Amino acid sequence: MKTWTYLWNHPLQRRVSLMTTVAVALAVVLFSLVGYVMMRTTLVQASQQIALGIASDLAGPAAQDIRTTGVLPADLRQAGNVVVEAVDASGQVLRTPGEPYDLVVEPADLAAARPDGSTVRRTGVSTEGQPYAVVAVPLPGTGHALLVGRSLGPVMAVLDVQRVVLIGISVAGVLAAGVAGVLVGRAGLRPMRQLTEAVEHVTETQDLQPVSVPYARGDLANLAASFNLMLASLTRTRNRTSRLVADAGHELRTPLTSLRANVDLLAADLRRDALPVEQKALVLRDLQGQLGELTEMIGDLVHVARDDTALALAPLDVREVVETSLERVRRRAQGATFDVALDPLFVVANADSLGRAVTNLLDNAVKWSPPGGSVEVRLEGNRLRVSDAGPGIAEADLPYVFDRFFRGESARKTKGTGLGLAIVAKAAEEMGGTVSAGRSAQGGAEFVLQLPGVTTREAVSGLLVPTS
């Protein structure tokens with residue numbers, strides 16, 4: 001745990017370099033160790049095989065001599081650091097005359113001397129402590145086993161040299177692993193450093209331009225792409241907010257200036273009492289109207305600036321939403337007539353957002369309808385169409401009617417915030433629909449709100465997005 005904490009508290013590049021160094025170093029040491037063990041095993045087995053060959057050649061003559069004389073003859077003695085002996089099951093050893101070395105007998109050798117004994121291969125030592133590769137071959141009919149030991153001195157000398165070589169290779173491998181770890185840490189984390197520098201640049205300069213990470217691949221490339229998408233979203237949000245603030249400041253300047261002028265007029269009259277009562281009443285009514293417009297504009301601004309992701313969505317019957325909006329508009333637009341025909345349509349949307357959009361379309365139609373005119377409301381398929389018999393929208397103004405604070409030449413002479421149709425467009429975008437403007441059959445304006453929906457209540461569940 002302490003090691004992990006130590007590593008975690010260091011920079012990522014250092015951790016990667018260190019872990020790469022350790023991994024490569026362990027691999028080098030492990031391969032060196034495996035190579036040494038395999039070489040030792042191979043050389044020892046080769047010595048045992050040579051000793052077994054010698055024992056096989058001597059087994060016949062040795063058995064004959066033991067049966068006839070009870071001793072081993074001197075001609076069984078071998079040159080080249082090979083020791084030849086015989087041992088019975090009790091541990092009694094027969095040695096060849098003149099042999100300067102004696103093997104240390106082990107229990108496995110005694111087992112080989114029994115009648116049911118088998119050949120034994122092992123490593124052992126002489127009584128002087130020298131290493132030997134030993135084989136014990138049963139000698140049938142004699143009660144003895146022939147021991148042949150071949151000195152492992154030359155093998156140990158080779159292994160000593162091999163050990164030194166492998167230690168040198170391991171040390172060199174560890175050093176090379178350290179260099180490789182540093183290089184891998186630098187090269188492998190270059191895209192990460194580039195992305196980190198780009199993030200720091202964005203943080204310091206607030207420059208939301210997409211970042212470039214040339215060497216990024218795989219997950220890091222996906223991370224860079226996601227970061228660029230986030231920057232693009234932030235850019236759009238910042239531009240939209242800046243435009244909204246600028247437009248709002250421009251639009252609020254006029255009513256605030258008018259309010260200030262009227263308030264200054266009333267304040268000055270408190271000292272002089274020069275205005276007649278009728279004039280004061282007119283100023284107060286003007287103030288009330290301007291405050292109402294200002295309150296409406298602020299409400300519209302709050303709605304336009306609202307975070308779309310915070311909206312609560314639910315299945316809605318569009319007919320009920322339209323009928324509720326019609327009741328609201330009828331109450332404040334006395335004398336307006338509506339020609340309504342609504343087919344079934346069910347959507348998944350925010351009730352407040354959809355209701356406000358429909359209300360704004362109806363208010364706009366009532367506002368421009370002539371006295372005695374009728375507003376036509378049609379819900380057909382997935383389209384809600386609202387049309388009036390007013391003067392219509394000028395061709396030059398059609399591309400801009402859904403822009404915030406846009407008011408055509410004729411609209412500037414009427415009351416309004418210039419945000420009503422922008423709210424409709426925003427609501428359509430929130431629901432994945434569209435809204436368009438054109439000319440109605442009566443010559444007035446016609447707005448078509450197209451919504452993604454279904455015509456039966458049972459099918460509305462298919463519009464819901466799974467939460468997991």
# chains A, B, ... in the order shown; residues from 1 in each chain; ligands from 1
call {"tool": "residues_around", "arguments": {"residues": "range 389-401 of chain A", "least_positions_apart": "5", "cutoff": "10 Å", "atoms": "only C-alpha atoms", "output": "count of residues only"}}
result
35
call {"tool": "residues_around", "arguments": {"residues": "range 53-58 of chain A", "least_positions_apart": "4", "cutoff": "9 Å", "atoms": "only C-alpha atoms", "output": "PDB file with N, CA, C and O atoms, in the first residue's frame"}}
result
ATOM      1  N   GLN A  48      24.823 -37.300 -16.392  1.00  0.00           N
ATOM      2  CA  GLN A  48      24.176 -38.517 -15.920  1.00  0.00           C
ATOM      3  C   GLN A  48      24.021 -39.536 -17.051  1.00  0.00           C
ATOM      4  O   GLN A  48      24.174 -40.744 -16.839  1.00  0.00           O
ATOM      5  N   GLN A  49      23.726 -39.042 -18.255  1.00  0.00           N
ATOM      6  CA  GLN A  49      23.576 -39.949 -19.388  1.00  0.00           C
ATOM      7  C   GLN A  49      24.903 -40.618 -19.722  1.00  0.00           C
ATOM      8  O   GLN A  49      24.942 -41.825 -20.051  1.00  0.00           O
ATOM      9  N   ALA A  62      31.047 -56.480 -14.112  1.00  0.00           N
ATOM     10  CA  ALA A  62      31.028 -56.294 -12.666  1.00  0.00           C
ATOM     11  C   ALA A  62      30.203 -57.380 -11.993  1.00  0.00           C
ATOM     12  O   ALA A  62      30.597 -57.924 -10.941  1.00  0.00           O
ATOM     13  N   ALA A  63      29.045 -57.746 -12.545  1.00  0.00           N
ATOM     14  CA  ALA A  63      28.208 -58.799 -11.960  1.00  0.00           C
ATOM     15  C   ALA A  63      28.936 -60.137 -11.970  1.00  0.00           C
ATOM     16  O   ALA A  63      28.865 -60.913 -10.992  1.00  0.00           O
ATOM     17  N   LEU A  76      38.027 -52.397 -13.918  1.00  0.00           N
ATOM     18  CA  LEU A  76      36.774 -51.639 -14.042  1.00  0.00           C
ATOM     19  C   LEU A  76      36.989 -50.142 -13.792  1.00  0.00           C
ATOM     20  O   LEU A  76      36.101 -49.328 -14.057  1.00  0.00           O
ATOM     21  N   GLN A  78      37.805 -46.435 -14.303  1.00  0.00           N
ATOM     22  CA  GLN A  78      37.700 -45.621 -15.508  1.00  0.00           C
ATOM     23  C   GLN A  78      38.504 -44.333 -15.340  1.00  0.00           C
ATOM     24  O   GLN A  78      38.678 -43.819 -14.232  1.00  0.00           O
ATOM     25  N   VAL A  84      33.829 -45.770  -9.901  1.00  0.00           N
ATOM     26  CA  VAL A  84      33.023 -46.980 -10.049  1.00  0.00           C
ATOM     27  C   VAL A  84      33.044 -47.729  -8.718  1.00  0.00           C
ATOM     28  O   VAL A  84      34.134 -48.036  -8.188  1.00  0.00           O
ATOM     29  N   VAL A 135      24.752 -42.575 -11.104  1.00  0.00           N
ATOM     30  CA  VAL A 135      23.701 -43.518 -11.506  1.00  0.00           C
ATOM     31  C   VAL A 135      23.937 -44.812 -10.733  1.00  0.00           C
ATOM     32  O   VAL A 135      25.088 -45.201 -10.462  1.00  0.00           O
ATOM     33  N   ALA A 136      22.843 -45.445 -10.329  1.00  0.00           N
ATOM     34  CA  ALA A 136      22.909 -46.738  -9.653  1.00  0.00           C
ATOM     35  C   ALA A 136      22.158 -47.751 -10.505  1.00  0.00           C
ATOM     36  O   ALA A 136      20.948 -47.604 -10.706  1.00  0.00           O
ATOM     37  N   VAL A 137      22.889 -48.819 -11.008  1.00  0.00           N
ATOM     38  CA  VAL A 137      22.302 -49.809 -11.908  1.00  0.00           C
ATOM     39  C   VAL A 137      22.251 -51.152 -11.166  1.00  0.00           C
ATOM     40  O   VAL A 137      23.301 -51.629 -10.677  1.00  0.00           O
ATOM     41  N   LEU A 146      25.518 -51.324  -9.106  1.00  0.00           N
ATOM     42  CA  LEU A 146      26.747 -50.692  -9.568  1.00  0.00           C
ATOM     43  C   LEU A 146      26.569 -49.184  -9.551  1.00  0.00           C
ATOM     44  O   LEU A 146      25.639 -48.657 -10.161  1.00  0.00           O
ATOM     45  N   LEU A 147      27.448 -48.463  -8.837  1.00  0.00           N
ATOM     46  CA  LEU A 147      27.420 -47.005  -8.781  1.00  0.00           C
ATOM     47  C   LEU A 147      28.505 -46.456  -9.678  1.00  0.00           C
ATOM     48  O   LEU A 147      29.680 -46.846  -9.554  1.00  0.00           O
ATOM     49  N   VAL A 148      28.105 -45.568 -10.561  1.00  0.00           N
ATOM     50  CA  VAL A 148      29.056 -44.870 -11.424  1.00  0.00           C
ATOM     51  C   VAL A 148      28.827 -43.381 -11.223  1.00  0.00           C
ATOM     52  O   VAL A 148      27.709 -42.872 -11.427  1.00  0.00           O
TER      53      VAL A 148
END
call {"tool": "select_by_dssp", "arguments": {"residues": "range 329-446 of chain A", "states": "strand (DSSP E)", "output": "NGL selection string"}}
result
:A and (337-342 or 346-349 or 374-380 or 383-387 or 434-439 or 445-446)
call {"tool": "write_last_selection", "arguments": {"atoms": "N, CA, C and O atoms", "output": "short mmCIF file (atom, residue, chain, number, x, y, z; two decimals), in the first residue's frame"}}
result
data_model
loop_
_atom_site.label_atom_id
_atom_site.label_comp_id
_atom_site.auth_asym_id
_atom_site.auth_seq_id
_atom_site.Cartn_x
_atom_site.Cartn_y
_atom_site.Cartn_z
N THR A 337 -62.57 34.95 -32.22
CA THR A 337 -63.21 33.67 -32.55
C THR A 337 -62.16 32.70 -33.06
O THR A 337 -61.16 33.08 -33.69
N PHE A 338 -62.41 31.43 -32.79
CA PHE A 338 -61.45 30.39 -33.16
C PHE A 338 -62.17 29.27 -33.89
O PHE A 338 -63.23 28.81 -33.45
N ASP A 339 -61.60 28.85 -34.99
CA ASP A 339 -62.10 27.70 -35.75
C ASP A 339 -61.14 26.55 -35.46
O ASP A 339 -60.01 26.53 -35.95
N VAL A 340 -61.59 25.61 -34.64
CA VAL A 340 -60.69 24.59 -34.10
C VAL A 340 -61.10 23.21 -34.58
O VAL A 340 -62.28 22.85 -34.54
N ALA A 341 -60.10 22.40 -35.01
CA ALA A 341 -60.31 20.99 -35.34
C ALA A 341 -59.03 20.25 -34.92
O ALA A 341 -57.95 20.52 -35.46
N LEU A 342 -59.20 19.34 -33.95
CA LEU A 342 -58.02 18.69 -33.38
C LEU A 342 -58.11 17.17 -33.53
O LEU A 342 -59.07 16.54 -33.07
N PHE A 346 -50.10 12.43 -29.55
CA PHE A 346 -49.46 12.26 -28.24
C PHE A 346 -47.95 12.41 -28.41
O PHE A 346 -47.36 11.82 -29.33
N VAL A 347 -47.34 13.17 -27.52
CA VAL A 347 -45.90 13.43 -27.59
C VAL A 347 -45.30 13.27 -26.20
O VAL A 347 -46.01 13.23 -25.19
N VAL A 348 -43.96 13.19 -26.15
CA VAL A 348 -43.23 13.24 -24.90
C VAL A 348 -42.49 14.58 -24.86
O VAL A 348 -41.59 14.82 -25.66
N ALA A 349 -42.93 15.45 -23.95
CA ALA A 349 -42.37 16.81 -23.93
C ALA A 349 -42.56 17.41 -22.55
O ALA A 349 -43.17 16.81 -21.67
N SER A 374 -61.23 35.49 -37.73
CA SER A 374 -61.22 34.20 -37.07
C SER A 374 -59.82 33.58 -37.16
O SER A 374 -59.15 33.69 -38.19
N VAL A 375 -59.42 32.98 -36.07
CA VAL A 375 -58.13 32.27 -36.03
C VAL A 375 -58.41 30.79 -36.24
O VAL A 375 -59.22 30.19 -35.53
N GLU A 376 -57.74 30.22 -37.21
CA GLU A 376 -57.93 28.81 -37.55
C GLU A 376 -56.86 27.98 -36.86
O GLU A 376 -55.66 28.24 -37.00
N VAL A 377 -57.29 26.96 -36.11
CA VAL A 377 -56.36 26.06 -35.40
C VAL A 377 -56.64 24.65 -35.86
O VAL A 377 -57.76 24.14 -35.70
N ARG A 378 -55.63 24.00 -36.44
CA ARG A 378 -55.79 22.65 -36.95
C ARG A 378 -54.66 21.76 -36.41
O ARG A 378 -53.48 22.12 -36.49
N LEU A 379 -55.04 20.62 -35.84
CA LEU A 379 -54.07 19.61 -35.43
C LEU A 379 -54.32 18.39 -36.29
O LEU A 379 -55.27 17.64 -36.08
N GLU A 380 -53.46 18.20 -37.28
CA GLU A 380 -53.63 17.12 -38.26
C GLU A 380 -52.33 16.30 -38.30
O GLU A 380 -51.26 16.84 -38.58
N ARG A 383 -48.84 17.68 -37.04
CA ARG A 383 -48.64 19.11 -37.31
C ARG A 383 -49.75 19.93 -36.67
O ARG A 383 -50.94 19.63 -36.85
N LEU A 384 -49.35 20.98 -35.95
CA LEU A 384 -50.30 21.95 -35.41
C LEU A 384 -50.17 23.22 -36.26
O LEU A 384 -49.10 23.83 -36.33
N ARG A 385 -51.28 23.61 -36.89
CA ARG A 385 -51.27 24.76 -37.80
C ARG A 385 -52.15 25.86 -37.20
O ARG A 385 -53.31 25.63 -36.88
N VAL A 386 -51.57 27.08 -37.05
CA VAL A 386 -52.30 28.24 -36.54
C VAL A 386 -52.20 29.34 -37.60
O VAL A 386 -51.10 29.77 -37.95
N SER A 387 -53.35 29.79 -38.09
CA SER A 387 -53.35 30.81 -39.15
C SER A 387 -54.37 31.89 -38.84
O SER A 387 -55.37 31.66 -38.14
N THR A 434 -39.96 20.97 -35.41
CA THR A 434 -39.64 22.16 -36.19
C THR A 434 -40.83 23.10 -36.20
O THR A 434 -41.97 22.69 -35.91
N VAL A 435 -40.58 24.36 -36.51
CA VAL A 435 -41.64 25.34 -36.68
C VAL A 435 -41.30 26.18 -37.91
O VAL A 435 -40.14 26.50 -38.15
N SER A 436 -42.32 26.48 -38.68
CA SER A 436 -42.12 27.27 -39.91
C SER A 436 -43.21 28.32 -40.02
O SER A 436 -44.29 28.19 -39.42
N ALA A 437 -42.91 29.36 -40.78
CA ALA A 437 -43.86 30.47 -40.97
C ALA A 437 -44.13 30.65 -42.46
O ALA A 437 -43.25 30.41 -43.30
N GLY A 438 -45.35 31.06 -42.78
CA GLY A 438 -45.72 31.30 -44.18
C GLY A 438 -47.00 32.12 -44.25
O GLY A 438 -47.38 32.78 -43.28
N ARG A 439 -47.65 32.05 -45.39
CA ARG A 439 -48.88 32.82 -45.61
C ARG A 439 -50.06 31.87 -45.61
O ARG A 439 -50.01 30.78 -46.18
N ALA A 445 -50.91 35.39 -41.67
CA ALA A 445 -49.75 34.57 -41.32
C ALA A 445 -50.19 33.17 -40.93
O ALA A 445 -51.29 32.96 -40.40
N GLU A 446 -49.35 32.21 -41.22
CA GLU A 446 -49.62 30.83 -40.85
C GLU A 446 -48.34 30.22 -40.26
O GLU A 446 -47.27 30.31 -40.85
#
call {"tool": "atom_distance", "arguments": {"atom1": "CA of Val263 in chain A", "atom2": "CA of Pro276 in chain A"}}
result
15.8 Å
call {"tool": "residues_around", "arguments": {"residues": "range 161-176 of chain A", "least_positions_apart": "6", "cutoff": "12 Å", "atoms": "only C-alpha atoms", "output": "ChimeraX atom specification"}}
result
/A:18,20-40,154-155,182-184
call {"tool": "atom_distance", "arguments": {"atom1": "CA of Thr119 in chain A", "atom2": "CA of Gln64 in chain A"}}
result
18.7 Å
call {"tool": "residues_around", "arguments": {"residues": "range 287-291 of chain A", "least_positions_apart": "4", "cutoff": "8 Å", "atoms": "only C-alpha atoms", "output": "CSV table (one decimal) with N, CA, C and O atoms, in the first residue's frame"}}
result
chain,number,residue,atom,x,y,z
A,255,PRO,N,-37.4,50.7,-22.7
A,255,PRO,CA,-38.3,50.8,-21.7
A,255,PRO,C,-37.8,51.4,-20.4
A,255,PRO,O,-38.4,52.1,-19.6
A,258,SER,N,-37.6,55.1,-20.8
A,258,SER,CA,-38.9,55.7,-20.7
A,258,SER,C,-39.4,55.7,-19.2
A,258,SER,O,-40.0,56.7,-18.7
A,259,LEU,N,-39.1,54.6,-18.5
A,259,LEU,CA,-39.5,54.5,-17.1
A,259,LEU,C,-38.8,55.6,-16.3
A,259,LEU,O,-39.4,56.3,-15.5
A,262,ASN,N,-40.3,59.1,-17.0
A,262,ASN,CA,-41.6,59.3,-16.3
A,262,ASN,C,-41.4,59.4,-14.8
A,262,ASN,O,-42.0,60.2,-14.1
A,283,VAL,N,-49.4,59.6,-16.8
A,283,VAL,CA,-48.0,59.2,-16.6
A,283,VAL,C,-48.0,57.9,-15.8
A,283,VAL,O,-47.2,56.9,-16.1
A,295,THR,N,-41.9,43.4,-17.1
A,295,THR,CA,-42.0,42.1,-16.4
A,295,THR,C,-42.2,41.0,-17.4
A,295,THR,O,-41.6,39.9,-17.2
call {"tool": "residues_around", "arguments": {"residues": "Ala133 in chain A", "least_positions_apart": "2", "cutoff": "10 Å", "atoms": "only C-alpha atoms", "output": "VMD selection string"}}
result
chain A and resid 43 to 52 82 121 to 125 131 135 148 to 153
call {"tool": "atom_distance", "arguments": {"atom1": "CA of Ala281 in chain A", "atom2": "CA of Ala267 in chain A"}}
result
14.1 Å
call {"tool": "closest_residue", "arguments": {"among": "A:Lys426, A:Asn222, A:Ser233, A:Leu316", "to": "Val454 in chain A", "atoms": "only C-alpha atoms"}}
result
A:Leu316
